[in-house]
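**Student:** Encoded as structure tokens, here's the structure I'll be asking about.
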Amino acid sequence: MENRCRKGQVALEAVIIIGFVFLLMLPLLYVLFSRMISIQDEFRTMEVTRAIDTLASTVSTVGVIGPNGTASVDITLPDNVMQLSIGSTNPREIVAVVSTSLGNIDIVRVVPYAVTGSINSTQGTYRLRVTYYEGGLPIEVKKG
């Protein structure tokens, strides 16, 4: 009978130890999961920043070329871009509104020339045509 009690005691102790290990792992899993979401937000934000920087650089290059200058550029937008406006609020700004786990972030790039245009803010790769027309019109950005 004493041998049976020992086996039961060892099994109960093993279950208690495993339970404590799981309780100690829960906060670690929570921290790892929240960090994973944060890293994903950072990568997506960096991707949008790179796309906006590329577009702003292309606008500056076309502006330096002068009237009748044109260039094409490919940009890739991730799925967390809420809005992308080109010259809407300020004629010299390109603004992207990015959704993150902490809220919306505005990424703004100021270009040295007036710019106008509109493109979708949906996820995907876009080929944009940046054109500087004669007559003092703003530089136009459009798909194609």
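Residue numbers start at 1 in each chain; chains themselves are named A, B, ... in the order of the structure tokens; ligands are numbered from 1 in the order shown.
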List every residue of range 2-144 of chain A that DSSP, applied to the backbone of this structure, assigns to strand (DSSP E), and report them as a short mmCIF file (atom, residue, chain, number, x, y, z; two decimals) with N, CA and C atoms, in the first residue's frame.

**Tutor:**
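Once everything was written out, this is states_10.cif:
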```cif
data_model
loop_
_atom_site.label_atom_id
_atom_site.label_comp_id
_atom_site.auth_asym_id
_atom_site.auth_seq_id
_atom_site.Cartn_x
_atom_site.Cartn_y
_atom_site.Cartn_z
N GLY A 69 9.88 67.10 -68.32
CA GLY A 69 10.61 65.98 -67.75
C GLY A 69 9.62 64.95 -67.23
N THR A 70 9.99 63.69 -67.35
CA THR A 70 9.12 62.63 -66.86
C THR A 70 9.98 61.46 -66.38
N ALA A 71 9.42 60.70 -65.45
CA ALA A 71 10.11 59.51 -64.93
C ALA A 71 9.05 58.54 -64.43
N SER A 72 9.43 57.27 -64.41
CA SER A 72 8.55 56.24 -63.86
C SER A 72 9.21 55.65 -62.62
N VAL A 73 8.39 55.28 -61.66
CA VAL A 73 8.90 54.71 -60.43
C VAL A 73 7.92 53.64 -59.95
N ASP A 74 8.47 52.57 -59.39
CA ASP A 74 7.64 51.50 -58.81
C ASP A 74 7.69 51.63 -57.30
N ILE A 75 6.53 51.62 -56.67
CA ILE A 75 6.46 51.61 -55.21
C ILE A 75 5.56 50.47 -54.77
N THR A 76 5.86 49.94 -53.60
CA THR A 76 5.06 48.87 -53.02
C THR A 76 4.47 49.34 -51.70
N LEU A 77 3.16 49.21 -51.57
CA LEU A 77 2.47 49.62 -50.35
C LEU A 77 1.98 48.38 -49.61
N VAL A 81 -1.64 50.75 -45.03
CA VAL A 81 -1.73 52.14 -45.46
C VAL A 81 -3.20 52.53 -45.54
N MET A 82 -3.58 53.51 -44.73
CA MET A 82 -4.98 53.95 -44.70
C MET A 82 -5.25 54.99 -45.79
N GLN A 83 -4.29 55.88 -46.02
CA GLN A 83 -4.49 56.96 -46.98
C GLN A 83 -3.13 57.40 -47.51
N LEU A 84 -3.10 57.74 -48.79
CA LEU A 84 -1.90 58.29 -49.41
C LEU A 84 -2.32 59.51 -50.21
N SER A 85 -1.88 60.68 -49.77
CA SER A 85 -2.26 61.90 -50.47
C SER A 85 -1.02 62.61 -50.99
N ILE A 86 -1.14 63.10 -52.20
CA ILE A 86 -0.03 63.77 -52.86
C ILE A 86 -0.45 65.20 -53.14
N GLU A 93 3.76 68.50 -50.21
CA GLU A 93 3.85 67.38 -49.27
C GLU A 93 3.28 66.11 -49.86
N ILE A 94 3.93 65.00 -49.52
CA ILE A 94 3.41 63.66 -49.79
C ILE A 94 3.17 63.04 -48.42
N VAL A 95 1.92 62.66 -48.15
CA VAL A 95 1.54 62.19 -46.82
C VAL A 95 0.94 60.79 -46.92
N ALA A 96 1.43 59.89 -46.08
CA ALA A 96 0.86 58.55 -45.95
C ALA A 96 0.39 58.36 -44.51
N VAL A 97 -0.83 57.89 -44.35
CA VAL A 97 -1.36 57.58 -43.02
C VAL A 97 -1.30 56.06 -42.87
N VAL A 98 -0.55 55.63 -41.86
CA VAL A 98 -0.29 54.21 -41.64
C VAL A 98 -0.96 53.77 -40.35
N SER A 99 -1.66 52.65 -40.40
CA SER A 99 -2.32 52.09 -39.23
C SER A 99 -1.37 51.11 -38.53
N THR A 100 -1.18 51.31 -37.22
CA THR A 100 -0.36 50.40 -36.42
C THR A 100 -1.15 49.95 -35.21
N GLY A 103 -2.00 52.93 -33.06
CA GLY A 103 -2.82 53.99 -33.64
C GLY A 103 -2.28 54.39 -35.00
N ASN A 104 -2.83 55.44 -35.57
CA ASN A 104 -2.42 55.89 -36.89
C ASN A 104 -1.17 56.77 -36.80
N ILE A 105 -0.29 56.62 -37.77
CA ILE A 105 0.94 57.40 -37.86
C ILE A 105 0.94 58.11 -39.21
N ASP A 106 1.30 59.39 -39.22
CA ASP A 106 1.44 60.14 -40.47
C ASP A 106 2.91 60.15 -40.86
N ILE A 107 3.18 59.75 -42.08
CA ILE A 107 4.53 59.84 -42.63
C ILE A 107 4.49 60.93 -43.69
N VAL A 108 5.27 61.99 -43.48
CA VAL A 108 5.22 63.16 -44.35
C VAL A 108 6.59 63.38 -44.97
N ARG A 109 6.60 63.62 -46.27
CA ARG A 109 7.81 64.01 -46.97
C ARG A 109 7.54 65.31 -47.71
N VAL A 110 8.41 66.28 -47.52
CA VAL A 110 8.29 67.57 -48.17
C VAL A 110 9.21 67.56 -49.39
N VAL A 115 3.41 69.55 -56.13
CA VAL A 115 3.09 68.23 -56.67
C VAL A 115 1.60 67.97 -56.50
N THR A 116 1.03 67.24 -57.42
CA THR A 116 -0.37 66.86 -57.34
C THR A 116 -0.53 65.44 -57.88
N GLY A 117 -1.59 64.79 -57.47
CA GLY A 117 -1.85 63.44 -57.96
C GLY A 117 -2.64 62.64 -56.96
N SER A 118 -3.09 61.50 -57.40
CA SER A 118 -3.81 60.61 -56.50
C SER A 118 -3.59 59.18 -56.95
N GLY A 124 -0.30 46.73 -52.63
CA GLY A 124 0.14 46.31 -53.95
C GLY A 124 1.33 47.10 -54.43
N THR A 125 1.78 46.72 -55.62
CA THR A 125 2.88 47.42 -56.27
C THR A 125 2.31 48.28 -57.39
N TYR A 126 2.73 49.53 -57.42
CA TYR A 126 2.22 50.48 -58.40
C TYR A 126 3.37 51.05 -59.20
N ARG A 127 3.14 51.18 -60.50
CA ARG A 127 4.08 51.91 -61.36
C ARG A 127 3.49 53.30 -61.53
N LEU A 128 4.24 54.29 -61.07
CA LEU A 128 3.77 55.67 -61.11
C LEU A 128 4.57 56.45 -62.15
N ARG A 129 3.87 57.35 -62.83
CA ARG A 129 4.50 58.22 -63.81
C ARG A 129 4.51 59.63 -63.23
N VAL A 130 5.69 60.20 -63.12
CA VAL A 130 5.88 61.53 -62.55
C VAL A 130 6.24 62.46 -63.71
N THR A 131 5.39 63.47 -63.95
CA THR A 131 5.56 64.34 -65.10
C THR A 131 5.54 65.80 -64.68
N TYR A 132 6.44 66.57 -65.25
CA TYR A 132 6.52 68.01 -65.01
C TYR A 132 6.14 68.70 -66.31
N ILE A 139 3.95 69.34 -60.54
CA ILE A 139 4.39 68.03 -61.02
C ILE A 139 3.26 67.04 -60.76
N GLU A 140 2.91 66.26 -61.75
CA GLU A 140 1.78 65.35 -61.64
C GLU A 140 2.27 63.92 -61.42
N VAL A 141 1.65 63.24 -60.47
CA VAL A 141 1.94 61.83 -60.20
C VAL A 141 0.67 61.06 -60.50
N LYS A 142 0.77 60.07 -61.40
CA LYS A 142 -0.40 59.24 -61.70
C LYS A 142 0.04 57.83 -62.03
N LYS A 143 -0.90 56.92 -61.96
CA LYS A 143 -0.61 55.52 -62.28
C LYS A 143 -0.35 55.40 -63.77
#
```

**Student:** Write out as a PyMOL selection string all residues of range 32-117 of chain A that DSSP puts in alpha helix (DSSP H) for this structure's backbone.

**Tutor:** chain A and resi 32-65

**Student:** Any chance you could export the current selection's N, CA and C atoms as an mmCIF file, in the first residue's frame?

**Tutor:**
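The file below, part.cif, is the result:
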```
data_model
loop_
_atom_site.group_PDB
_atom_site.id
_atom_site.type_symbol
_atom_site.label_atom_id
_atom_site.label_comp_id
_atom_site.auth_asym_id
_atom_site.auth_seq_id
_atom_site.Cartn_x
_atom_site.Cartn_y
_atom_site.Cartn_z
ATOM 1 N N LEU A 32 6.436 37.911 -25.916
ATOM 2 C CA LEU A 32 6.892 37.544 -27.249
ATOM 3 C C LEU A 32 5.844 37.878 -28.312
ATOM 4 N N PHE A 33 4.580 37.626 -28.024
ATOM 5 C CA PHE A 33 3.513 37.911 -28.978
ATOM 6 C C PHE A 33 3.377 39.415 -29.213
ATOM 7 N N SER A 34 3.414 40.198 -28.144
ATOM 8 C CA SER A 34 3.292 41.651 -28.317
ATOM 9 C C SER A 34 4.508 42.215 -29.039
ATOM 10 N N ARG A 35 5.684 41.667 -28.798
ATOM 11 C CA ARG A 35 6.890 42.119 -29.500
ATOM 12 C C ARG A 35 6.817 41.757 -30.977
ATOM 13 N N MET A 36 6.257 40.603 -31.287
ATOM 14 C CA MET A 36 6.112 40.182 -32.670
ATOM 15 C C MET A 36 5.209 41.154 -33.441
ATOM 16 N N ILE A 37 4.118 41.576 -32.824
ATOM 17 C CA ILE A 37 3.218 42.540 -33.458
ATOM 18 C C ILE A 37 3.936 43.870 -33.651
ATOM 19 N N SER A 38 4.701 44.277 -32.671
ATOM 20 C CA SER A 38 5.458 45.528 -32.766
ATOM 21 C C SER A 38 6.480 45.476 -33.897
ATOM 22 N N ILE A 39 7.161 44.366 -34.049
ATOM 23 C CA ILE A 39 8.150 44.223 -35.122
ATOM 24 C C ILE A 39 7.472 44.250 -36.486
ATOM 25 N N GLN A 40 6.311 43.606 -36.617
ATOM 26 C CA GLN A 40 5.575 43.650 -37.876
ATOM 27 C C GLN A 40 5.174 45.076 -38.222
ATOM 28 N N ASP A 41 4.715 45.839 -37.225
ATOM 29 C CA ASP A 41 4.360 47.247 -37.452
ATOM 30 C C ASP A 41 5.575 48.049 -37.912
ATOM 31 N N GLU A 42 6.718 47.802 -37.298
ATOM 32 C CA GLU A 42 7.935 48.523 -37.680
ATOM 33 C C GLU A 42 8.329 48.217 -39.118
ATOM 34 N N PHE A 43 8.273 46.961 -39.524
ATOM 35 C CA PHE A 43 8.639 46.594 -40.892
ATOM 36 C C PHE A 43 7.686 47.222 -41.903
ATOM 37 N N ARG A 44 6.392 47.183 -41.612
ATOM 38 C CA ARG A 44 5.421 47.786 -42.531
ATOM 39 C C ARG A 44 5.617 49.293 -42.626
ATOM 40 N N THR A 45 5.889 49.933 -41.500
ATOM 41 C CA THR A 45 6.124 51.379 -41.497
ATOM 42 C C THR A 45 7.394 51.718 -42.273
ATOM 43 N N MET A 46 8.424 50.895 -42.124
ATOM 44 C CA MET A 46 9.657 51.119 -42.887
ATOM 45 C C MET A 46 9.413 50.940 -44.383
ATOM 46 N N GLU A 47 8.556 50.005 -44.752
ATOM 47 C CA GLU A 47 8.246 49.789 -46.167
ATOM 48 C C GLU A 47 7.510 50.997 -46.755
ATOM 49 N N VAL A 48 6.576 51.547 -46.000
ATOM 50 C CA VAL A 48 5.868 52.744 -46.460
ATOM 51 C C VAL A 48 6.828 53.922 -46.539
ATOM 52 N N THR A 49 7.694 54.073 -45.543
ATOM 53 C CA THR A 49 8.670 55.161 -45.548
ATOM 54 C C THR A 49 9.575 55.060 -46.762
ATOM 55 N N ARG A 50 10.018 53.862 -47.073
ATOM 56 C CA ARG A 50 10.876 53.668 -48.250
ATOM 57 C C ARG A 50 10.131 54.036 -49.535
ATOM 58 N N ALA A 51 8.856 53.651 -49.643
ATOM 59 C CA ALA A 51 8.068 53.973 -50.839
ATOM 60 C C ALA A 51 7.876 55.481 -50.983
ATOM 61 N N ILE A 52 7.569 56.163 -49.879
ATOM 62 C CA ILE A 52 7.363 57.606 -49.916
ATOM 63 C C ILE A 52 8.678 58.326 -50.217
ATOM 64 N N ASP A 53 9.780 57.845 -49.647
ATOM 65 C CA ASP A 53 11.088 58.439 -49.943
ATOM 66 C C ASP A 53 11.446 58.288 -51.421
ATOM 67 N N THR A 54 11.162 57.119 -51.989
ATOM 68 C CA THR A 54 11.435 56.887 -53.404
ATOM 69 C C THR A 54 10.610 57.827 -54.272
ATOM 70 N N LEU A 55 9.338 57.977 -53.933
ATOM 71 C CA LEU A 55 8.463 58.881 -54.689
ATOM 72 C C LEU A 55 8.934 60.324 -54.570
ATOM 73 N N ALA A 56 9.291 60.753 -53.364
ATOM 74 C CA ALA A 56 9.764 62.128 -53.153
ATOM 75 C C ALA A 56 11.066 62.367 -53.912
ATOM 76 N N SER A 57 11.941 61.405 -53.935
ATOM 77 C CA SER A 57 13.197 61.528 -54.672
ATOM 78 C C SER A 57 12.933 61.645 -56.175
ATOM 79 N N THR A 58 11.995 60.870 -56.670
ATOM 80 C CA THR A 58 11.659 60.930 -58.090
ATOM 81 C C THR A 58 11.046 62.277 -58.453
ATOM 82 N N VAL A 59 10.180 62.805 -57.585
ATOM 83 C CA VAL A 59 9.588 64.124 -57.820
ATOM 84 C C VAL A 59 10.689 65.179 -57.861
ATOM 85 N N SER A 60 11.636 65.113 -56.953
ATOM 86 C CA SER A 60 12.739 66.079 -56.935
ATOM 87 C C SER A 60 13.587 65.970 -58.203
ATOM 88 N N THR A 61 13.843 64.747 -58.649
ATOM 89 C CA THR A 61 14.639 64.540 -59.860
ATOM 90 C C THR A 61 13.931 65.115 -61.090
ATOM 91 N N VAL A 62 12.636 64.851 -61.210
ATOM 92 C CA VAL A 62 11.869 65.381 -62.341
ATOM 93 C C VAL A 62 11.821 66.901 -62.272
ATOM 94 N N GLY A 63 11.726 67.458 -61.089
ATOM 95 C CA GLY A 63 11.733 68.914 -60.950
ATOM 96 C C GLY A 63 13.046 69.525 -61.388
ATOM 97 N N VAL A 64 14.143 68.844 -61.092
ATOM 98 C CA VAL A 64 15.463 69.336 -61.504
ATOM 99 C C VAL A 64 15.615 69.243 -63.022
ATOM 100 N N ILE A 65 15.062 68.191 -63.620
ATOM 101 C CA ILE A 65 15.134 68.045 -65.075
ATOM 102 C C ILE A 65 14.453 69.228 -65.756
#
```

**Student:** CA of Glu134 in chain A and CA of Pro91 in chain A are how many Å apart?

**Tutor:**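 Distance reported for this atom pair: 17.0 Å.
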